[in-house]
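Structure file work_35.cif (mmCIF, C-alpha atoms) follows.
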data_entry
loop_
_atom_site.label_atom_id
_atom_site.label_comp_id
_atom_site.auth_asym_id
_atom_site.auth_seq_id
_atom_site.Cartn_x
_atom_site.Cartn_y
_atom_site.Cartn_z
CA MET R 355 47.53 54.44 -7.29
CA ALA R 356 47.33 55.39 -3.64
CA CYS R 357 44.28 55.27 -1.46
CA ARG R 358 43.80 55.74 2.27
CA ARG R 359 43.98 52.22 3.50
CA ALA R 360 44.23 51.65 7.24
CA ALA R 361 40.86 51.39 8.93
CA LYS R 362 40.33 53.64 11.90
CA GLY R 363 41.80 51.93 14.93
CA GLY R 364 44.17 49.79 12.84
CA VAL R 365 47.56 48.74 14.21
CA PHE R 366 49.57 50.92 11.81
CA LEU R 367 49.55 54.61 11.12
CA ILE R 368 51.97 54.15 8.20
CA TYR R 369 52.86 50.76 6.74
CA LEU R 370 56.23 50.58 4.95
CA ASP R 371 57.04 46.87 5.12
CA ASN R 372 55.65 45.72 1.78
CA ALA R 373 58.82 43.75 0.98
CA ALA R 374 57.79 41.37 3.78
CA THR R 375 54.12 41.28 2.82
CA SER R 376 51.93 43.80 1.07
CA PHE R 377 49.32 45.64 3.10
CA PRO R 378 46.53 46.42 2.75
CA LYS R 379 45.04 44.05 0.20
CA PRO R 380 42.53 45.14 -2.46
CA PRO R 381 38.96 44.73 -1.12
CA SER R 382 38.29 42.10 -3.80
CA VAL R 383 41.00 39.91 -2.26
CA VAL R 384 39.45 40.05 1.20
CA LYS R 385 36.00 39.39 -0.22
CA ALA R 386 37.22 36.35 -2.16
CA VAL R 387 38.89 34.79 0.90
CA THR R 388 35.84 35.17 3.10
CA GLY R 389 33.52 34.18 0.24
CA VAL R 390 35.11 30.73 -0.02
CA MET R 391 34.82 30.16 3.70
CA GLU R 392 31.24 31.42 3.90
CA LYS R 393 29.73 30.07 0.68
CA ILE R 394 31.75 27.27 -0.94
CA GLY R 395 33.47 25.04 1.60
CA GLY R 396 34.21 22.20 -0.83
CA ASN R 397 37.58 20.53 -1.29
CA PRO R 398 38.64 20.87 -4.96
CA GLY R 399 39.33 17.58 -6.71
CA ARG R 400 38.09 15.52 -3.78
CA ALA R 401 34.42 15.21 -4.76
CA GLY R 402 31.89 15.94 -7.49
CA HIS R 403 29.47 18.10 -5.52
CA ARG R 404 28.90 21.78 -6.23
CA GLY R 405 31.25 23.07 -3.56
CA ALA R 406 34.18 20.99 -4.77
CA LEU R 407 33.52 21.88 -8.41
CA ALA R 408 33.26 25.58 -7.58
CA GLY R 409 36.57 25.38 -5.74
CA GLY R 410 38.15 23.69 -8.74
CA ARG R 411 36.99 26.49 -11.00
CA ILE R 412 38.56 29.07 -8.68
CA MET R 413 41.88 27.22 -8.77
CA ASN R 414 41.75 26.92 -12.56
CA ARG R 415 41.08 30.63 -12.92
CA CYS R 416 43.99 31.50 -10.67
CA ARG R 417 46.27 29.26 -12.74
CA GLU R 418 45.09 30.97 -15.92
CA LEU R 419 45.86 34.43 -14.55
CA ALA R 420 49.30 33.35 -13.29
CA ALA R 421 50.09 31.66 -16.62
CA GLU R 422 49.13 34.85 -18.43
CA TYR R 423 51.46 36.89 -16.26
CA GLY R 424 54.32 34.41 -16.56
CA GLY R 425 53.92 33.77 -20.28
CA LEU R 426 53.52 30.01 -19.79
CA SER R 427 52.37 27.61 -22.48
CA SER R 428 49.76 26.05 -20.19
CA PRO R 429 48.06 26.88 -16.87
CA ASP R 430 48.99 23.35 -15.77
CA ARG R 431 52.56 24.61 -15.42
CA VAL R 432 51.50 26.89 -12.55
CA ILE R 433 52.16 25.13 -9.24
CA PHE R 434 50.52 26.33 -6.03
CA CYS R 435 52.94 26.56 -3.10
CA LEU R 436 52.88 27.64 0.54
CA ASN R 437 55.00 30.72 -0.18
CA CYS R 438 58.07 31.71 -2.19
CA THR R 439 60.38 29.73 0.10
CA ASP R 440 58.35 26.61 -0.57
CA ALA R 441 58.50 27.27 -4.32
CA LEU R 442 62.28 27.71 -4.19
CA ASN R 443 62.73 24.51 -2.19
CA MET R 444 60.52 22.66 -4.66
CA ALA R 445 62.62 23.88 -7.59
CA ILE R 446 66.00 23.34 -5.91
CA ARG R 447 65.36 19.94 -4.33
CA GLY R 448 63.44 18.74 -7.37
CA THR R 449 66.24 19.60 -9.79
CA LEU R 450 69.63 18.99 -8.19
CA ARG R 451 71.40 15.65 -7.94
CA THR R 452 74.57 14.52 -6.21
CA GLY R 453 77.67 15.90 -7.94
CA ASP R 454 75.96 18.96 -9.37
CA GLU R 455 77.30 22.50 -9.28
CA VAL R 456 75.08 25.53 -8.64
CA LEU R 457 75.81 29.15 -9.48
CA VAL R 458 74.19 31.90 -7.41
CA SER R 459 74.38 35.67 -7.13
CA HIS R 460 75.75 37.58 -4.15
CA ALA R 461 72.27 38.79 -3.20
CA GLU R 462 70.48 35.52 -2.48
CA HIS R 463 67.99 35.14 0.34
CA ASN R 464 68.32 32.39 2.95
CA ALA R 465 65.38 30.68 1.23
CA VAL R 466 67.92 29.85 -1.47
CA MET R 467 71.17 29.61 0.50
CA ARG R 468 70.03 27.38 3.36
CA PRO R 469 68.81 24.46 1.24
CA LEU R 470 71.87 24.81 -0.98
CA MET R 471 74.33 24.92 1.91
CA GLY R 472 72.64 21.93 3.50
CA TYR R 473 73.43 19.94 0.38
CA HIS R 474 76.88 21.52 0.14
CA ASP R 475 77.78 20.67 3.75
CA ALA R 476 76.68 17.07 3.16
CA GLY R 477 79.12 16.87 0.24
CA LYS R 478 76.37 16.44 -2.34
CA ILE R 479 76.78 19.59 -4.44
CA THR R 480 79.13 22.53 -5.02
CA VAL R 481 77.85 26.08 -4.57
CA ARG R 482 79.64 29.00 -6.22
CA ILE R 483 78.69 32.59 -5.35
CA LEU R 484 79.43 34.82 -8.34
CA PRO R 485 80.84 38.30 -7.65
CA PRO R 486 79.04 41.44 -8.84
CA ASP R 487 80.70 44.50 -10.31
CA SER R 488 81.27 47.63 -8.25
CA ARG R 489 77.64 48.69 -8.81
CA GLY R 490 76.25 45.46 -7.40
CA ILE R 491 75.35 44.08 -10.84
CA LEU R 492 76.02 40.46 -11.80
CA SER R 493 77.11 40.69 -15.41
CA PRO R 494 76.08 38.09 -18.01
CA GLU R 495 79.75 37.78 -18.93
CA THR R 496 80.60 36.71 -15.38
CA VAL R 497 77.90 34.04 -15.54
CA ALA R 498 79.10 32.80 -18.93
CA ALA R 499 82.69 32.51 -17.69
CA ALA R 500 81.59 30.62 -14.56
CA VAL R 501 79.66 27.82 -16.28
CA THR R 502 81.36 24.41 -16.26
CA PRO R 503 80.23 20.97 -17.47
CA ARG R 504 79.00 20.27 -13.91
CA THR R 505 76.79 23.37 -13.70
CA ALA R 506 73.24 22.08 -13.28
CA LEU R 507 71.43 25.24 -12.16
CA MET R 508 71.79 29.01 -12.01
CA ILE R 509 69.76 30.79 -9.32
CA LEU R 510 69.24 34.53 -9.56
CA CYS R 511 67.66 36.91 -7.08
CA HIS R 512 65.83 39.17 -9.51
CA ALA R 513 65.87 42.13 -7.12
CA SER R 514 67.54 42.36 -3.73
CA ASN R 515 65.24 42.63 -0.75
CA VAL R 516 67.87 44.89 0.84
CA THR R 517 68.94 47.31 -1.92
CA GLY R 518 66.01 46.85 -4.29
CA GLN R 519 68.45 46.68 -7.19
CA ILE R 520 67.22 44.69 -10.21
CA GLN R 521 69.63 42.31 -11.91
CA PRO R 522 69.84 41.91 -15.73
CA ALA R 523 67.78 38.72 -15.67
CA ARG R 524 66.90 38.64 -19.39
CA GLU R 525 70.53 38.77 -20.45
CA ILE R 526 71.57 36.21 -17.84
CA ALA R 527 68.76 33.91 -18.99
CA ARG R 528 70.08 34.07 -22.57
CA VAL R 529 73.56 33.14 -21.35
CA CYS R 530 72.20 30.23 -19.33
CA HIS R 531 70.12 28.91 -22.19
CA ALA R 532 73.06 29.11 -24.60
CA ALA R 533 75.05 27.00 -22.12
CA GLY R 534 72.21 24.53 -21.52
CA VAL R 535 71.87 25.56 -17.86
CA PRO R 536 68.36 26.11 -16.44
CA LEU R 537 67.71 29.42 -14.69
CA LEU R 538 65.67 29.60 -11.47
CA LEU R 539 64.49 33.15 -10.87
CA ASP R 540 63.66 34.28 -7.33
CA ALA R 541 61.00 36.90 -8.05
CA ALA R 542 60.10 37.57 -4.41
CA GLN R 543 60.55 41.32 -4.85
CA THR R 544 59.68 41.70 -8.54
CA ALA R 545 56.54 39.62 -9.03
CA GLY R 546 53.70 42.07 -9.52
CA THR R 547 55.75 45.01 -10.79
CA GLU R 548 58.24 43.62 -13.34
CA ASP R 549 57.59 41.89 -16.67
CA ILE R 550 58.38 38.33 -15.60
CA ALA R 551 57.40 36.69 -18.89
CA SER R 552 60.05 38.57 -20.87
CA VAL R 553 62.86 37.07 -18.75
CA HIS R 554 62.19 33.57 -20.12
CA ALA R 555 63.48 31.88 -16.97
CA ASP R 556 63.03 28.11 -16.76
CA MET R 557 61.51 28.32 -13.29
CA VAL R 558 60.15 31.33 -11.42
CA ALA R 559 59.40 31.29 -7.70
CA MET R 560 57.14 34.01 -6.40
CA PRO R 561 55.16 34.80 -3.26
CA GLY R 562 51.44 35.31 -3.55
CA HIS R 563 51.35 37.74 -0.62
CA LYS R 564 53.72 40.50 -1.76
CA GLY R 565 53.47 42.19 -5.15
CA LEU R 566 50.71 39.84 -6.31
CA LEU R 567 48.62 41.30 -3.45
CA GLY R 568 47.21 37.95 -2.31
CA PRO R 569 46.96 36.49 1.21
CA MET R 570 49.83 35.12 3.26
CA GLY R 571 50.36 31.39 2.91
CA THR R 572 50.27 31.50 -0.90
CA GLY R 573 53.02 31.17 -3.47
CA LEU R 574 53.63 30.03 -7.03
CA LEU R 575 56.23 28.09 -8.96
CA LEU R 576 56.04 28.75 -12.69
CA LEU R 577 57.58 26.06 -14.87
CA GLY R 578 58.89 26.48 -18.40
CA ASP R 579 58.39 23.76 -20.97
CA GLN R 580 61.86 22.25 -20.57
CA VAL R 581 61.81 21.50 -16.83
CA LEU R 582 59.99 18.93 -14.70
CA PRO R 583 61.16 18.91 -11.05
CA ARG R 584 60.80 15.85 -8.88
CA PRO R 585 58.04 16.14 -6.24
CA LEU R 586 58.94 17.69 -2.90
CA ARG R 587 55.86 16.12 -1.31
CA GLU R 588 53.83 13.10 -2.35
CA GLY R 589 50.36 12.00 -1.41
CA GLY R 590 46.74 12.46 -2.32
CA THR R 591 46.03 14.56 -5.39
CA GLY R 592 42.40 13.65 -6.10
CA SER R 593 43.58 12.09 -9.38
CA ALA R 594 44.72 8.57 -10.29
CA SER R 595 43.58 7.39 -6.87
CA GLU R 596 43.88 3.75 -7.96
CA SER R 597 47.67 4.12 -8.16
CA LEU R 598 50.03 3.90 -5.19
CA ARG R 599 52.52 6.12 -7.05
CA GLN R 600 52.58 9.87 -7.52
CA PRO R 601 50.96 11.03 -10.79
CA SER R 602 53.40 12.15 -13.45
CA MET R 603 51.26 14.85 -15.04
CA LEU R 604 51.27 18.49 -14.01
CA PRO R 605 50.14 20.11 -11.82
CA ASP R 606 49.24 16.98 -9.78
CA ARG R 607 52.86 15.76 -9.82
CA LEU R 608 53.87 18.65 -7.54
CA GLU R 609 50.65 19.33 -5.61
CA SER R 610 49.68 16.87 -2.90
CA GLY R 611 47.19 17.38 -0.11
CA THR R 612 44.35 19.82 0.35
CA ALA R 613 44.95 23.17 -1.30
CA ASN R 614 44.63 26.53 0.45
CA LEU R 615 41.46 27.37 -1.44
CA PRO R 616 40.62 30.57 0.49
CA GLY R 617 44.15 31.81 -0.11
CA ILE R 618 44.09 30.83 -3.79
CA ALA R 619 40.76 32.59 -4.25
CA GLY R 620 42.28 35.73 -2.78
CA LEU R 621 45.41 35.29 -4.90
CA ALA R 622 43.29 35.08 -8.05
CA GLN R 623 41.78 38.45 -7.22
CA GLY R 624 45.20 39.88 -6.38
CA LEU R 625 46.51 38.68 -9.75
CA LYS R 626 43.52 40.19 -11.51
CA PHE R 627 44.11 43.55 -9.79
CA MET R 628 47.84 43.43 -10.52
CA LEU R 629 47.40 42.53 -14.20
CA ALA R 630 45.08 45.50 -14.64
CA HIS R 631 47.43 47.97 -12.94
CA ARG R 632 50.98 46.54 -13.08
CA ALA R 633 52.62 49.30 -15.11
CA ALA R 634 50.99 52.02 -13.01
CA ILE R 635 51.97 50.28 -9.75
CA ALA R 636 55.60 49.92 -10.87
CA GLU R 637 55.82 53.57 -11.92
CA TYR R 638 54.13 54.79 -8.74
CA GLU R 639 56.37 52.75 -6.42
CA HIS R 640 59.41 54.02 -8.33
CA ILE R 641 58.30 57.63 -7.84
CA LEU R 642 57.76 57.10 -4.12
CA SER R 643 61.07 55.31 -3.61
CA GLU R 644 62.95 58.10 -5.44
CA ARG R 645 61.23 60.66 -3.22
CA LEU R 646 62.26 58.68 -0.16
CA ARG R 647 65.82 58.26 -1.38
CA ARG R 648 66.17 62.00 -2.06
CA GLY R 649 64.73 62.87 1.34
CA LEU R 650 66.96 60.52 3.31
CA GLU R 651 70.18 61.42 1.50
CA GLN R 652 69.77 65.03 2.67
CA ILE R 653 69.93 63.99 6.33
CA PRO R 654 73.44 64.15 7.88
CA GLY R 655 74.53 60.83 9.36
CA VAL R 656 72.21 58.69 7.22
CA THR R 657 73.80 56.09 4.93
CA LEU R 658 71.73 54.66 2.08
CA TYR R 659 72.03 51.15 0.62
CA THR R 660 69.89 51.43 -2.48
CA GLY R 661 72.12 50.32 -5.31
CA ALA R 662 73.79 52.46 -7.92
CA ALA R 663 71.92 55.60 -8.96
CA GLY R 664 70.23 55.43 -12.35
CA LEU R 665 69.94 51.64 -12.42
CA PRO R 666 66.54 49.92 -12.23
CA HIS R 667 65.23 49.06 -8.80
CA VAL R 668 62.04 48.16 -6.98
CA GLY R 669 60.44 50.14 -4.17
CA VAL R 670 62.91 49.14 -1.42
CA VAL R 671 65.06 51.73 0.38
CA SER R 672 67.47 50.61 3.11
CA PHE R 673 69.52 52.87 5.34
CA ASN R 674 71.31 53.28 8.65
CA VAL R 675 71.48 56.20 11.07
CA GLN R 676 74.97 56.97 12.37
CA GLY R 677 75.57 55.77 15.90
CA MET R 678 72.39 53.71 16.02
CA ASP R 679 71.84 49.97 15.59
CA SER R 680 69.36 49.19 12.81
CA GLY R 681 67.14 47.27 15.20
CA GLU R 682 67.00 50.19 17.61
CA ALA R 683 66.22 52.61 14.79
CA ALA R 684 63.45 50.38 13.43
CA ASP R 685 61.97 49.96 16.90
CA ARG R 686 61.86 53.71 17.41
CA LEU R 687 60.11 54.19 14.08
CA ASN R 688 57.71 51.35 14.83
CA ARG R 689 56.82 52.92 18.17
CA ALA R 690 56.07 56.11 16.28
CA GLY R 691 53.57 54.20 14.15
CA ILE R 692 55.78 53.73 11.09
CA ALA R 693 56.15 50.03 10.24
CA VAL R 694 59.63 49.24 8.87
CA ARG R 695 62.05 46.36 9.33
CA GLY R 696 65.55 46.36 10.78
CA GLY R 697 68.27 43.69 10.76
CA LEU R 698 69.69 41.40 8.09
CA HIS R 699 66.40 40.67 6.28
CA CYS R 700 67.31 36.96 5.93
CA ALA R 701 69.95 38.00 3.38
CA PRO R 702 73.32 37.97 5.18
CA SER R 703 75.36 37.54 1.98
CA ILE R 704 74.46 40.94 0.55
CA HIS R 705 74.91 42.60 3.92
CA ALA R 706 78.40 41.11 4.01
CA TRP R 707 79.02 42.55 0.54
CA LEU R 708 77.68 45.94 1.66
CA GLY R 709 79.76 45.79 4.84
CA THR R 710 76.82 46.26 7.17
CA ALA R 711 75.64 44.44 10.28
CA GLY R 712 72.04 45.18 9.32
CA ALA R 713 69.97 48.07 8.03
CA VAL R 714 66.56 49.71 8.34
CA ARG R 715 64.38 48.81 5.36
CA ALA R 716 61.41 50.81 4.15
CA SER R 717 59.49 49.19 1.30
CA LEU R 718 56.75 50.90 -0.68
CA GLY R 719 53.50 49.48 -1.98
CA PRO R 720 50.71 50.65 -4.27
CA PHE R 721 48.64 52.03 -1.40
CA ASN R 722 51.34 54.22 0.13
CA THR R 723 51.32 57.99 -0.32
CA GLU R 724 53.76 60.87 -0.52
CA HIS R 725 52.62 61.74 2.99
CA ASP R 726 53.87 58.34 4.19
CA VAL R 727 57.27 58.97 2.61
CA ASP R 728 57.58 62.48 4.00
CA ALA R 729 56.55 61.32 7.48
CA LEU R 730 59.32 58.71 7.48
CA VAL R 731 61.91 61.24 6.32
CA GLU R 732 60.83 63.64 9.08
CA ALA R 733 60.94 60.90 11.71
CA VAL R 734 64.45 59.82 10.64
CA GLU R 735 65.63 63.41 10.64
CA ASN R 736 64.35 63.94 14.17
CA MET R 737 65.89 60.64 15.27
CA SER R 738 69.27 61.53 13.81
CA GLN R 739 69.38 64.69 15.91
CA THR R 740 68.88 62.95 19.25
#

What is this file in structure tokens?
Amino acid sequence: MACRRAAKGGVFLIYLDNAATSFPKPPSVVKAVTGVMEKIGGNPGRAGHRGALAGGRIMNRCRELAAEYGGLSSPDRVIFCLNCTDALNMAIRGTLRTGDEVLVSHAEHNAVMRPLMGYHDAGKITVRILPPDSRGILSPETVAAAVTPRTALMILCHASNVTGQIQPAREIARVCHAAGVPLLLDAAQTAGTEDIASVHADMVAMPGHKGLLGPMGTGLLLLGDQVLPRPLREGGTGSASESLRQPSMLPDRLESGTANLPGIAGLAQGLKFMLAHRAAIAEYEHILSERLRRGLEQIPGVTLYTGAAGLPHVGVVSFNVQGMDSGEAADRLNRAGIAVRGGLHCAPSIHAWLGTAGAVRASLGPFNTEHDVDALVEAVENMSQT
């Protein structure tokens, strides 16, 4: 899967921060973004001229590709968002009502916990964090036992952005459906490598700029047939302009204002690339992450936080070097030309469970190489000896 990707003179020698945003992008993605800005220029749904119609066709094609990946009944159930955080807020705020109870895993990102705790602190909802087993797995049995008549939503982080560990989402979805509780899946770290359609979640939030290989400023909310969130934003949709009220039909119900057409054009190409290579990308990232894990665990003084061995995980490997703050370690690696991320990764709950005050995170992508992995291992080994 790998190719040499950084142009000569680029800012990175080795890029290992794909959990934040994938880099580089396939050339077709870059070409699509610039193509819209150079050749189309129309505002989709806001006119009948060629530019607007061409933009509309691009958006429709992107919806079709996303619906194919998510196993949706209609492309209209693909909602364009600003990013995964926006998609999560749309699902959460559009579903919950005063008096509801929400179940979440121990590994949730602040994109989930902050809107929930805002409601919780205002006395509007109850939030219950479900405990994992000793391996960091949230069992379906734990979810089933936690459901009460007030449970209105289950939110599951499909894979931790700290440990990379994948949760048993399919089994948890079956439990939720049997109890009549909708499941919102946070696929920030699994979209593009995992089979999302087979989970059968009611709502799936995903970033366009990570595993889907699209530009920043893009995201998707995929809606199952049984859910219809209230709008997070209301305004012009280019449809039903005679009405002073928000349209009820999808996708217009949840999409107001001018769309990020250059970003969506790039996202369509990222989806196309991903759909053609998903299995190979997933296998390749797994091979690289295992190589990195094996290399780091041989270094004295390095502690790994990668989930239980033998369980499924994405290409995320987090670690600490004894006697060194994670931020300091990440800065030293960054100065050496290896792009990683230190700190809490906007996921303090799982760091609390792990008992860490932060960690260094290396995250693999389809354009990384074994050389990249070995260079990081060598740099950490040298750093641990100083």

Answer key for the PyMOL selection byres ((chain R and resi 453) around 7), residues as a PyMOL selection string: chain R and resi 451-452+454-455+478-479

Once you have the residues from the selection above, write them out as a PDB file, in the frame of the given file, restricted to C-alpha atoms.
ATOM      1  CA  ARG R 451      71.400  15.650  -7.940  1.00  0.00           C
ATOM      2  CA  THR R 452      74.570  14.520  -6.210  1.00  0.00           C
ATOM      3  CA  ASP R 454      75.960  18.960  -9.370  1.00  0.00           C
ATOM      4  CA  GLU R 455      77.300  22.500  -9.280  1.00  0.00           C
ATOM      5  CA  LYS R 478      76.370  16.440  -2.340  1.00  0.00           C
ATOM      6  CA  ILE R 479      76.780  19.590  -4.440  1.00  0.00           C
TER       7      ILE R 479
END

Who sits within 12 Å of R:Arg715, only C-alpha atoms, same chain under 2 positions skipped, as a ChimeraX atom specification: /R:369-374,514-518,643,646-647,657-660,669-675,680-681,683-685,687-688,692-699,712-713,717-718,730

Would you save the residues of that selection, restricted to C-alpha atoms, as a short mmCIF file (atom, residue, chain, number, x, y, z; two decimals), in the coordinates of the input?
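Ended up saving to result.cif:
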data_model
loop_
_atom_site.label_atom_id
_atom_site.label_comp_id
_atom_site.auth_asym_id
_atom_site.auth_seq_id
_atom_site.Cartn_x
_atom_site.Cartn_y
_atom_site.Cartn_z
CA TYR R 369 52.86 50.76 6.74
CA LEU R 370 56.23 50.58 4.95
CA ASP R 371 57.04 46.87 5.12
CA ASN R 372 55.65 45.72 1.78
CA ALA R 373 58.82 43.75 0.98
CA ALA R 374 57.79 41.37 3.78
CA SER R 514 67.54 42.36 -3.73
CA ASN R 515 65.24 42.63 -0.75
CA VAL R 516 67.87 44.89 0.84
CA THR R 517 68.94 47.31 -1.92
CA GLY R 518 66.01 46.85 -4.29
CA SER R 643 61.07 55.31 -3.61
CA LEU R 646 62.26 58.68 -0.16
CA ARG R 647 65.82 58.26 -1.38
CA THR R 657 73.80 56.09 4.93
CA LEU R 658 71.73 54.66 2.08
CA TYR R 659 72.03 51.15 0.62
CA THR R 660 69.89 51.43 -2.48
CA GLY R 669 60.44 50.14 -4.17
CA VAL R 670 62.91 49.14 -1.42
CA VAL R 671 65.06 51.73 0.38
CA SER R 672 67.47 50.61 3.11
CA PHE R 673 69.52 52.87 5.34
CA ASN R 674 71.31 53.28 8.65
CA VAL R 675 71.48 56.20 11.07
CA SER R 680 69.36 49.19 12.81
CA GLY R 681 67.14 47.27 15.20
CA ALA R 683 66.22 52.61 14.79
CA ALA R 684 63.45 50.38 13.43
CA ASP R 685 61.97 49.96 16.90
CA LEU R 687 60.11 54.19 14.08
CA ASN R 688 57.71 51.35 14.83
CA ILE R 692 55.78 53.73 11.09
CA ALA R 693 56.15 50.03 10.24
CA VAL R 694 59.63 49.24 8.87
CA ARG R 695 62.05 46.36 9.33
CA GLY R 696 65.55 46.36 10.78
CA GLY R 697 68.27 43.69 10.76
CA LEU R 698 69.69 41.40 8.09
CA HIS R 699 66.40 40.67 6.28
CA GLY R 712 72.04 45.18 9.32
CA ALA R 713 69.97 48.07 8.03
CA SER R 717 59.49 49.19 1.30
CA LEU R 718 56.75 50.90 -0.68
CA LEU R 730 59.32 58.71 7.48
#

Please provide the set of residues having any atom within 10 Å of R:Asn464, restricted to all atoms listed in the file, with same-chain residues fewer than 4 positions apart removed, written as a PDB file with C-alpha atoms, keeping the file's coordinate frame.
ATOM      1  CA  THR R 439      60.380  29.730   0.100  1.00  0.00           C
ATOM      2  CA  ARG R 468      70.030  27.380   3.360  1.00  0.00           C
ATOM      3  CA  PRO R 469      68.810  24.460   1.240  1.00  0.00           C
ATOM      4  CA  LEU R 470      71.870  24.810  -0.980  1.00  0.00           C
ATOM      5  CA  MET R 471      74.330  24.920   1.910  1.00  0.00           C
ATOM      6  CA  HIS R 699      66.400  40.670   6.280  1.00  0.00           C
ATOM      7  CA  CYS R 700      67.310  36.960   5.930  1.00  0.00           C
ATOM      8  CA  ALA R 701      69.950  38.000   3.380  1.00  0.00           C
ATOM      9  CA  PRO R 702      73.320  37.970   5.180  1.00  0.00           C
ATOM     10  CA  SER R 703      75.360  37.540   1.980  1.00  0.00           C
TER      11      SER R 703
END

Proximity of stretch 540-623 of chain R to stretch 524-528 of chain R: per-residue shortest pair, 8 Å limit, only C-alpha atoms, as CSV:
residue,atom,partner,partner_atom,distance
R:Ser552,CA,R:Arg524,CA,7.0
R:Val553,CA,R:Arg524,CA,4.4
R:His554,CA,R:Ala527,CA,6.7
R:Ala555,CA,R:Ala527,CA,6.0

With distances taken over only C-alpha atoms, which of R:Val456, R:Leu582, R:Leu608, R:Ala613 is nearest to R:Val535? R:Val456

So that each row is one residue of stretch 445-467 of chain R with an atom at most 7 Å from stretch 583-587 of chain R, can you give its shortest atom pair and the distance in Å to one decimal, using all atoms listed in the file, rows by chain and rising number, as a Markdown table?
| residue | atom | partner | partner_atom | distance |
| --- | --- | --- | --- | --- |
| R:Ala445 | CA | R:Pro583 | CA | 6.2 |
| R:Arg447 | CA | R:Leu586 | CA | 7.0 |
| R:Gly448 | CA | R:Arg584 | CA | 4.2 |
| R:Thr449 | CA | R:Pro583 | CA | 5.3 |

From the list R:Val529, R:Ile550, R:Met557, R:Ala421, which residue is nearest R:Pro494 when using all atoms listed in the file?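 Nearest to R:Pro494: R:Val529.
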
Residue nearest R:Tyr423 among R:Lys626, R:His531, R:Lys393, R:Arg689 (counting all atoms listed in the file):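 Once distances to R:Tyr423 are computed over all atoms listed in the file, the minimum belongs to R:Lys626.
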
Might I get the box with edges along x, y and z of the file that holds all atoms of stretch 523-530 of chain R listed there, padded by 4 Å on every side, given as centre and edge lengths in Å to one decimal, as AutoDock Vina command-line options?
--center_x 70.2 --center_y 34.5 --center_z -19.1 --size_x 14.7 --size_y 16.5 --size_z 14.9

Output of the PyMOL selection byres ((chain R and resi 589-604) around 6), listed as a ChimeraX atom specification: /R:399-400,430,588,605-607,610-611

Closest of R:Ser488, R:Asn722, R:Asn437, R:Thr502 to R:Leu566 - atom-to-atom distances counting all atoms listed in the file: R:Asn437

Once the PyMOL selection byres ((chain R and resi 569) around 8) has been evaluated on this model, what residues remain selected, and can you format them as a PDB file with C-alpha atoms, in the frame of the given file?
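Dumped everything to expr23.pdb:
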ATOM      1  CA  LYS R 379      45.040  44.050   0.200  1.00  0.00           C
ATOM      2  CA  VAL R 383      41.000  39.910  -2.260  1.00  0.00           C
ATOM      3  CA  GLY R 562      51.440  35.310  -3.550  1.00  0.00           C
ATOM      4  CA  HIS R 563      51.350  37.740  -0.620  1.00  0.00           C
ATOM      5  CA  LEU R 567      48.620  41.300  -3.450  1.00  0.00           C
ATOM      6  CA  GLY R 568      47.210  37.950  -2.310  1.00  0.00           C
ATOM      7  CA  MET R 570      49.830  35.120   3.260  1.00  0.00           C
ATOM      8  CA  GLY R 571      50.360  31.390   2.910  1.00  0.00           C
ATOM      9  CA  THR R 572      50.270  31.500  -0.900  1.00  0.00           C
ATOM     10  CA  GLY R 617      44.150  31.810  -0.110  1.00  0.00           C
ATOM     11  CA  GLY R 620      42.280  35.730  -2.780  1.00  0.00           C
ATOM     12  CA  LEU R 621      45.410  35.290  -4.900  1.00  0.00           C
TER      13      LEU R 621
END

Who sits within 8 Å of R:Ala408, all atoms listed in the file, same chain under 4 positions skipped, as an NGL selection string: :R and (394 or 396 or 398 or 404 or 412)

Write out as an MDAnalysis selection string which residues come within 8 Å of R:Ala542 when counting all atoms listed in the file, dropping same-chain ones fewer than 3 positions away. chainID R and resid 438 512:513 545 559:561 564

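Compared by their closest atoms to R:Ile368, and using only C-alpha atoms, the residues R:Ala619, R:Val387, R:Val466, R:Val727 rank with R:Val727 nearest.
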
Could N, CA and C atoms be built for stretch 685-691 of chain R and written out as a tab-separated table (two decimals), keeping the file's coordinate frame?
chain	number	residue	atom	x	y	z
R	685	ASP	N	62.88	49.98	15.75
R	685	ASP	CA	61.97	49.96	16.90
R	685	ASP	C	61.43	51.36	17.22
R	686	ARG	N	62.30	52.34	17.12
R	686	ARG	CA	61.86	53.71	17.41
R	686	ARG	C	60.84	54.18	16.37
R	687	LEU	N	61.07	53.83	15.13
R	687	LEU	CA	60.11	54.19	14.08
R	687	LEU	C	58.80	53.43	14.26
R	688	ASN	N	58.92	52.16	14.61
R	688	ASN	CA	57.71	51.35	14.83
R	688	ASN	C	56.87	51.91	15.98
R	689	ARG	N	57.55	52.34	17.05
R	689	ARG	CA	56.82	52.92	18.17
R	689	ARG	C	56.13	54.22	17.79
R	690	ALA	N	56.68	54.88	16.77
R	690	ALA	CA	56.07	56.11	16.28
R	690	ALA	C	54.95	55.83	15.27
R	691	GLY	N	54.66	54.55	15.05
R	691	GLY	CA	53.57	54.20	14.15
R	691	GLY	C	53.98	54.03	12.71
